[in-house]
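Undergrad: Handing you a structure now.
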Amino acid sequence: MPNNVIEIDGLVKYYEGRCVLDGIDLKVPRGCIYGLLGRNGSGKTTIIRILLGLEPPTRGTTALLGQDSTQLTAQTRGRIGYVAEGHHLIQNYRVRRLVSLCKGLAAHWDAAFFDHLMETFRLPMDRKVKDLSTGMRAQLNLALAMTVEPELLVFDDPTLGLDTVARRQFLEMAIDLIQKQNRTILFSSHILGDVERIADRIGIIAAGKLVVDCELEELKNRVKKLQVLFPREAPEDLYITEIINQRTEGREMVLTVANWNPQKRAILETFRPESFTELPMRLEDIFIECTRPSSELVLEESEV
Amino acid sequence: MRTLVTLVKREMVDHLAYFVGAVILSGLLTFGVVSVILATGAGDMMIVGIGGSIPVTIIVTVGVSALGVAQMYTDRTRKVSAFLTALPTTRRQIFTARVLAGLAAILIFIVPLGVAGAILIDMHTDQVPLYAGVLGDIMRSLFLTCFACYCLGLYAGWNRRSLAPTLGVLPVALLIPLLVIIKGLGPDVALMLSIFIVACLTATWCRFSSSSL
């Protein structure tokens with residue numbers, strides 16, 4: 001059994017001459033809950049679609065559960081649960097028929113669990129999928145993905161289009177289901193609070209590259225936001241590498257630095273600042289800094 | 001096997017109108033031919049056959065081509081395969097099931113006609129100057145023509161620009177039965193149609209297996 005459930009090697013994807021993914025390398029080990037972040041149109045969905053064999057890559061290879069994505073067998077697909085962005089179920093089917101189709105194709109089907117979910121969600125079995133609300137479609141999609149007892153769950157922006165209450169319900173249900181069974185999860189979203197609640201490892205895509213790939217706690221430790229106060233005018237350049245963002249206003253400088261360490265601190269102290277304070281950063285702050293067009297951050301585990 | 005059966009069943013239920021149409025048309029034709037022959041005698045069989053074959057050919061050609069188009073076009077626009085491949089199925093299974101469903105529709109139409117034809121020929125063999133194996137030739141040509149039109153429909157249906165270019169295939173499909181009418185029922189036509197079918201299926205499979213879902 002392969003240790004890495006997801007493997008992406010040198011993935012490049014062009015759409016109509018535009019480079020969407022520019023050499024993505026990623027490995028997700030078994031049991032990991034991986035949060036894939038990026039702004040709208042950054043290529044998160046494209047990565048997932050290529051992984052699932054729905055989209056051909058321009059270059060590079062991707063593998064799921066040890067099998068090349070372009071050659072996934074029905075058996076391997078049976079070990080994967082997928083909740084798609086926008087929940088593209090077969091819209092003109094009634095819920096009952098869609099469920100029956102999924103049941104007929106599934107390798108494993110936990111009928112009791114599915115019935116429990118249907119009871120919880122109170123989904124109308126006789127209504128057409130297109131007549132369901134977005135929240136109901138999300139719940140149906142989640143129920144179908146979970147009932148097949150997948151080893152790997154792929155959530156592609158599952159809360160997109162849901163209102164706050166439906167989003168909270170969906171996430172609580174998802175967290176509850178995830179915690180019950182030890183499975184690998186790839187969770188893509190641009191709602192960072194959702195990812196922060198679920199993920200234990202984070203990847204951030206910006207400008208077609210995976211600029212961050214490390215554990216959530218490690219990411220919070222490695223990216224620091226500092227408020228530095230100088231006795232006189234702040235210097236123009238601090239000569240510190242890996243500054244993600246820098247803003248100067250008179251004597252005050254606020255800078256975000258990656259891989260903050262004693263060496264960088266020593267360099268900063270040579271400018272004799274009056275004080276410097278570490279400002280707390282949430283994942284959202286880190287994400288905004290990392291995805292700025294000027295940001296050149298690359299944080300990967302190999303650098304540690 | 002269970003997967004394939006489920007997928008074939010899905011295709012048939014999704015395109016039920018075509019299957020019902022095939023049953024009705026086959027029934028009407030069988031009933032019509034039997035009634036005319038029983039009423040007027042087998043001597044008029046050829047006249048009935050030639051007179052009735054023109055509208056029937058048009059209906060059948062358009063019908064089977066439309067089935068192929070509908071299967072592929074609705075798949076693309078409704079993202080059916082995108083959903084199915086997220087389940088334990090492969091594109092190969094989806095495509096195979098689709099073709100098997102198409103074959104089933106054609107056989108539903110052809111088999112009753114063949115059975116009725118065999119019985120009628122057996123009953124009136126001394127009155128009609130037919131060569132041995134004529135029914136086999138007719139059925140083979142009919143099957144290959146229908147299947148070729150269906151495959152052309154499959155090929156043309158895999159696009160998402162608009163319905164107009166897809167519907168444009170229907171007049172082209174009418175050229176296929178013309179080939180049989182002009183060239184006859186011989187093995188050379190069977191070979192040409194077989195090559196056309198293989199080419200259409202291969203091209204459709206290449207497009208279907210390599211495109212984004």
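So you can find residues: chains in the structure tokens are A, B, ... in the order shown, residues in each start at 1, and ligands are numbered from 1 in order.
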Which neighbours of Phe113 of chain A fall inside 10 Å, counting only C-alpha atoms, when residues of the same chain fewer than 4 positions from it are skipped, and could you give them as a list in words?
TA: Trp109, Leu117, Met118, Glu119, Ala143, Met146, Thr147, Val148 and Glu149 of chain A
Undergrad: Please check the contacts: residues of chain B at most 8 Å away from chain A, using only C-alpha atoms, listed as a compact mmCIF listing (two decimals) with all heavy atoms, in the first residue's frame.
TA:
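Full text of out_15.txt as output:
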# COMPACT_ATOMS: atom_id res chain seq x y z
N ARG B 2 -21.62 -6.02 -13.27
CA ARG B 2 -22.73 -5.34 -12.60
C ARG B 2 -22.72 -3.85 -12.98
O ARG B 2 -23.76 -3.25 -13.24
CB ARG B 2 -22.58 -5.51 -11.08
CG ARG B 2 -23.74 -4.93 -10.28
CD ARG B 2 -23.55 -5.26 -8.80
NE ARG B 2 -22.39 -4.58 -8.27
CZ ARG B 2 -22.45 -3.51 -7.45
NH1 ARG B 2 -23.61 -3.05 -7.07
NH2 ARG B 2 -21.37 -2.94 -6.98
N THR B 3 -21.50 -3.30 -13.03
CA THR B 3 -21.35 -1.88 -13.39
C THR B 3 -21.89 -1.64 -14.80
O THR B 3 -22.63 -0.69 -15.04
CB THR B 3 -19.86 -1.49 -13.33
OG1 THR B 3 -19.39 -1.76 -12.04
CG2 THR B 3 -19.65 -0.04 -13.66
N THR B 6 -25.63 -1.80 -14.95
CA THR B 6 -26.22 -0.58 -14.37
C THR B 6 -26.11 0.58 -15.37
O THR B 6 -27.06 1.35 -15.53
CB THR B 6 -25.48 -0.21 -13.06
OG1 THR B 6 -25.46 -1.35 -12.22
CG2 THR B 6 -26.14 0.94 -12.35
N ARG B 10 -29.06 2.58 -17.24
CA ARG B 10 -29.17 4.04 -17.12
C ARG B 10 -29.35 4.68 -18.50
O ARG B 10 -30.20 5.54 -18.70
CB ARG B 10 -27.90 4.59 -16.46
CG ARG B 10 -27.96 6.05 -16.10
CD ARG B 10 -26.58 6.66 -15.95
NE ARG B 10 -25.95 6.87 -17.24
CZ ARG B 10 -26.18 7.91 -18.04
NH1 ARG B 10 -27.04 8.82 -17.69
NH2 ARG B 10 -25.57 8.00 -19.20
N ARG B 78 -24.93 18.02 -19.65
CA ARG B 78 -25.36 17.77 -18.26
C ARG B 78 -24.23 17.23 -17.38
O ARG B 78 -24.45 16.88 -16.23
CB ARG B 78 -26.52 16.77 -18.24
CG ARG B 78 -27.79 17.32 -18.84
CD ARG B 78 -28.88 16.29 -18.86
NE ARG B 78 -30.05 16.77 -19.56
CZ ARG B 78 -31.02 16.01 -20.03
NH1 ARG B 78 -30.95 14.71 -19.87
NH2 ARG B 78 -32.05 16.52 -20.66
N LYS B 79 -23.06 17.11 -17.96
CA LYS B 79 -21.87 16.62 -17.23
C LYS B 79 -22.13 15.26 -16.59
O LYS B 79 -21.76 15.01 -15.44
CB LYS B 79 -21.43 17.63 -16.17
CG LYS B 79 -20.90 18.94 -16.76
CD LYS B 79 -20.49 19.87 -15.66
CE LYS B 79 -19.82 21.11 -16.21
NZ LYS B 79 -18.49 20.92 -16.73
N VAL B 80 -22.76 14.39 -17.35
CA VAL B 80 -23.12 13.07 -16.82
C VAL B 80 -21.85 12.23 -16.58
O VAL B 80 -21.66 11.66 -15.50
CB VAL B 80 -24.07 12.33 -17.78
CG1 VAL B 80 -24.32 10.90 -17.31
CG2 VAL B 80 -25.40 13.07 -17.88
N ALA B 82 -18.87 13.29 -16.15
CA ALA B 82 -18.08 13.89 -15.06
C ALA B 82 -18.55 13.35 -13.72
O ALA B 82 -17.75 13.06 -12.84
CB ALA B 82 -18.20 15.41 -15.10
N PHE B 83 -19.85 13.18 -13.60
CA PHE B 83 -20.40 12.64 -12.35
C PHE B 83 -20.11 11.14 -12.24
O PHE B 83 -19.67 10.66 -11.20
CB PHE B 83 -21.91 12.89 -12.30
CG PHE B 83 -22.57 12.27 -11.10
CD1 PHE B 83 -22.41 12.82 -9.84
CD2 PHE B 83 -23.34 11.12 -11.23
CE1 PHE B 83 -23.00 12.24 -8.73
CE2 PHE B 83 -23.93 10.55 -10.12
CZ PHE B 83 -23.77 11.10 -8.87
N THR B 85 -17.75 9.30 -13.61
CA THR B 85 -16.35 8.91 -13.41
C THR B 85 -15.87 9.21 -11.99
O THR B 85 -14.79 8.78 -11.61
CB THR B 85 -15.40 9.56 -14.43
OG1 THR B 85 -15.72 10.93 -14.54
CG2 THR B 85 -15.46 8.90 -15.78
N ALA B 86 -16.68 9.98 -11.24
CA ALA B 86 -16.34 10.17 -9.83
C ALA B 86 -16.82 8.97 -9.01
O ALA B 86 -16.50 8.83 -7.84
CB ALA B 86 -16.96 11.45 -9.30
N LEU B 87 -17.60 8.12 -9.64
CA LEU B 87 -18.07 6.87 -9.01
C LEU B 87 -17.16 5.74 -9.51
O LEU B 87 -16.31 5.98 -10.37
CB LEU B 87 -19.53 6.62 -9.42
CG LEU B 87 -20.52 7.73 -9.09
CD1 LEU B 87 -21.87 7.44 -9.71
CD2 LEU B 87 -20.66 7.89 -7.59
N PRO B 88 -17.33 4.53 -9.01
CA PRO B 88 -16.45 3.45 -9.46
C PRO B 88 -16.73 3.00 -10.91
O PRO B 88 -17.18 1.89 -11.16
CB PRO B 88 -16.74 2.31 -8.48
CG PRO B 88 -17.47 2.91 -7.38
CD PRO B 88 -18.19 4.08 -7.91
N THR B 89 -16.49 3.88 -11.83
CA THR B 89 -16.63 3.55 -13.26
C THR B 89 -15.50 4.20 -14.04
O THR B 89 -14.91 5.17 -13.57
CB THR B 89 -17.94 4.09 -13.87
OG1 THR B 89 -18.01 5.49 -13.59
CG2 THR B 89 -19.17 3.42 -13.34
N THR B 90 -15.24 3.69 -15.21
CA THR B 90 -14.22 4.29 -16.06
C THR B 90 -14.89 4.81 -17.33
O THR B 90 -16.03 4.44 -17.63
CB THR B 90 -13.16 3.25 -16.45
OG1 THR B 90 -13.83 2.19 -17.15
CG2 THR B 90 -12.45 2.67 -15.25
N SER B 210 -10.11 11.47 -24.28
CA SER B 210 -9.03 12.44 -24.05
C SER B 210 -9.53 13.83 -23.67
O SER B 210 -8.74 14.68 -23.32
CB SER B 210 -8.16 12.54 -25.31
OG SER B 210 -8.96 13.00 -26.38
N SER B 211 -10.85 14.04 -23.75
CA SER B 211 -11.31 15.41 -23.48
C SER B 211 -11.66 15.61 -22.01
O SER B 211 -11.83 14.66 -21.26
CB SER B 211 -12.50 15.74 -24.37
OG SER B 211 -13.49 14.80 -24.19
N SER B 212 -11.78 16.87 -21.63
CA SER B 212 -12.17 17.22 -20.26
C SER B 212 -13.63 16.86 -20.04
O SER B 212 -14.44 17.02 -20.95
CB SER B 212 -12.02 18.72 -20.05
OG SER B 212 -10.75 19.12 -20.40
N LEU B 213 -13.93 16.41 -18.86
CA LEU B 213 -15.33 16.06 -18.56
C LEU B 213 -15.94 17.13 -17.64
O LEU B 213 -15.27 17.73 -16.86
CB LEU B 213 -15.41 14.68 -17.89
CG LEU B 213 -15.00 13.50 -18.74
CD1 LEU B 213 -15.06 12.21 -17.93
CD2 LEU B 213 -15.89 13.34 -19.96
Undergrad: Compare B:Arg207, B:Leu142, B:Gly102, B:Gly184 by their minimum atom-to-atom distance to Ser53 of chain B, counting only C-alpha atoms, and give me the closest one.
TA: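 Answer, going by the shortest atom-to-atom distance: B:Leu142.
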Undergrad: For atom CA of Val36 of chain B and atom CA of Ile106 of chain B, quote the distance in Å rounded to one decimal.
TA: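 Atom-to-atom, atom CA of Val36 of chain B to atom CA of Ile106 of chain B, that is 24.2 Å.
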Undergrad: Show me, as a PyMOL selection string, the residues that have an atom within 10 Å of Thr57 of chain B when counting only C-alpha atoms, minus same-chain residues fewer than 4 positions from it.
TA: chain B and resi 52-53+61-63+142+145-146+174+177-178
Undergrad: Keeping N, CA and C atoms, export the residues of the selection given above as an mmCIF file, in the first residue's frame.
TA:
data_model
loop_
_atom_site.group_PDB
_atom_site.id
_atom_site.type_symbol
_atom_site.label_atom_id
_atom_site.label_comp_id
_atom_site.auth_asym_id
_atom_site.auth_seq_id
_atom_site.Cartn_x
_atom_site.Cartn_y
_atom_site.Cartn_z
ATOM 1 N N GLY B 52 -42.643 1.302 -49.259
ATOM 2 C CA GLY B 52 -42.593 1.656 -47.834
ATOM 3 C C GLY B 52 -41.202 1.959 -47.333
ATOM 4 N N SER B 53 -40.204 1.502 -48.081
ATOM 5 C CA SER B 53 -38.840 1.606 -47.540
ATOM 6 C C SER B 53 -38.324 3.039 -47.485
ATOM 7 N N THR B 61 -33.099 6.197 -40.109
ATOM 8 C CA THR B 61 -31.783 6.838 -40.171
ATOM 9 C C THR B 61 -31.725 8.024 -39.211
ATOM 10 N N VAL B 62 -32.727 8.861 -39.293
ATOM 11 C CA VAL B 62 -32.757 10.038 -38.418
ATOM 12 C C VAL B 62 -32.870 9.599 -36.950
ATOM 13 N N GLY B 63 -33.692 8.588 -36.706
ATOM 14 C CA GLY B 63 -33.905 8.112 -35.333
ATOM 15 C C GLY B 63 -32.635 7.585 -34.684
ATOM 16 N N LEU B 142 -29.322 -3.814 -43.162
ATOM 17 C CA LEU B 142 -30.138 -2.926 -42.323
ATOM 18 C C LEU B 142 -29.432 -2.654 -40.995
ATOM 19 N N THR B 145 -26.339 -0.469 -41.615
ATOM 20 C CA THR B 145 -26.738 0.909 -41.934
ATOM 21 C C THR B 145 -27.161 1.650 -40.668
ATOM 22 N N CYS B 146 -28.023 0.989 -39.898
ATOM 23 C CA CYS B 146 -28.486 1.610 -38.644
ATOM 24 C C CYS B 146 -27.310 1.889 -37.711
ATOM 25 N N LEU B 174 -28.196 10.414 -43.861
ATOM 26 C CA LEU B 174 -29.074 9.880 -44.919
ATOM 27 C C LEU B 174 -28.283 9.354 -46.113
ATOM 28 N N PRO B 177 -27.709 5.121 -46.017
ATOM 29 C CA PRO B 177 -28.616 4.186 -46.704
ATOM 30 C C PRO B 177 -28.588 4.329 -48.227
ATOM 31 N N LEU B 178 -28.282 5.546 -48.702
ATOM 32 C CA LEU B 178 -28.176 5.734 -50.161
ATOM 33 C C LEU B 178 -27.090 4.843 -50.741
#
Undergrad: Just the residues within 8 Å of segment 39-42 of chain A, please, counting only C-alpha atoms, with nothing from its chain fewer than 3 positions along; format it as a PyMOL selection string.
TA: chain A and resi 20+190+205-208+291
Undergrad: Write the residues of the preceding selection, restricted to N, CA, C and O atoms, as a compact mmCIF listing (two decimals), in the first residue's frame.
TA:
# COMPACT_ATOMS: atom_id res chain seq x y z
N VAL A 20 -1.85 27.79 -16.28
CA VAL A 20 -2.66 27.80 -15.05
C VAL A 20 -1.88 27.16 -13.89
O VAL A 20 -1.90 27.64 -12.77
N HIS A 190 -11.60 28.49 -0.70
CA HIS A 190 -11.02 29.82 -0.52
C HIS A 190 -11.60 30.47 0.75
O HIS A 190 -11.32 31.61 1.03
N ILE A 205 -1.69 27.90 -3.36
CA ILE A 205 -1.33 28.08 -4.77
C ILE A 205 -1.47 29.56 -5.11
O ILE A 205 -2.50 30.17 -4.83
N ALA A 206 -0.45 30.07 -5.72
CA ALA A 206 -0.51 31.46 -6.20
C ALA A 206 0.27 31.52 -7.50
O ALA A 206 1.37 30.95 -7.61
N ALA A 207 -0.28 32.18 -8.48
CA ALA A 207 0.34 32.34 -9.80
C ALA A 207 0.77 30.99 -10.38
O ALA A 207 1.86 30.87 -10.96
N GLY A 208 -0.04 29.98 -10.19
CA GLY A 208 0.22 28.67 -10.78
C GLY A 208 1.25 27.83 -10.05
O GLY A 208 1.58 26.73 -10.47
N THR A 291 -0.48 35.39 -1.18
CA THR A 291 -1.07 35.42 -2.52
C THR A 291 -1.03 36.82 -3.15
O THR A 291 -1.63 37.04 -4.19
Undergrad: Extract the full set of alpha helix (DSSP H) residues from segment 28-245 of chain A according to DSSP on the backbone, and format it as JSON, numbers by chain.
TA: {"A": [44, 45, 46, 47, 48, 49, 50, 51, 74, 75, 76, 77, 95, 96, 97, 98, 99, 100, 101, 102, 103, 104, 105, 111, 112, 113, 114, 115, 116, 117, 118, 119, 120, 121, 134, 135, 136, 137, 138, 139, 140, 141, 142, 143, 144, 145, 146, 147, 164, 165, 166, 167, 168, 169, 170, 171, 172, 173, 174, 175, 176, 177, 178, 179, 180, 192, 193, 194, 195, 196, 197, 198, 216, 217, 218, 219, 220, 221, 222]}
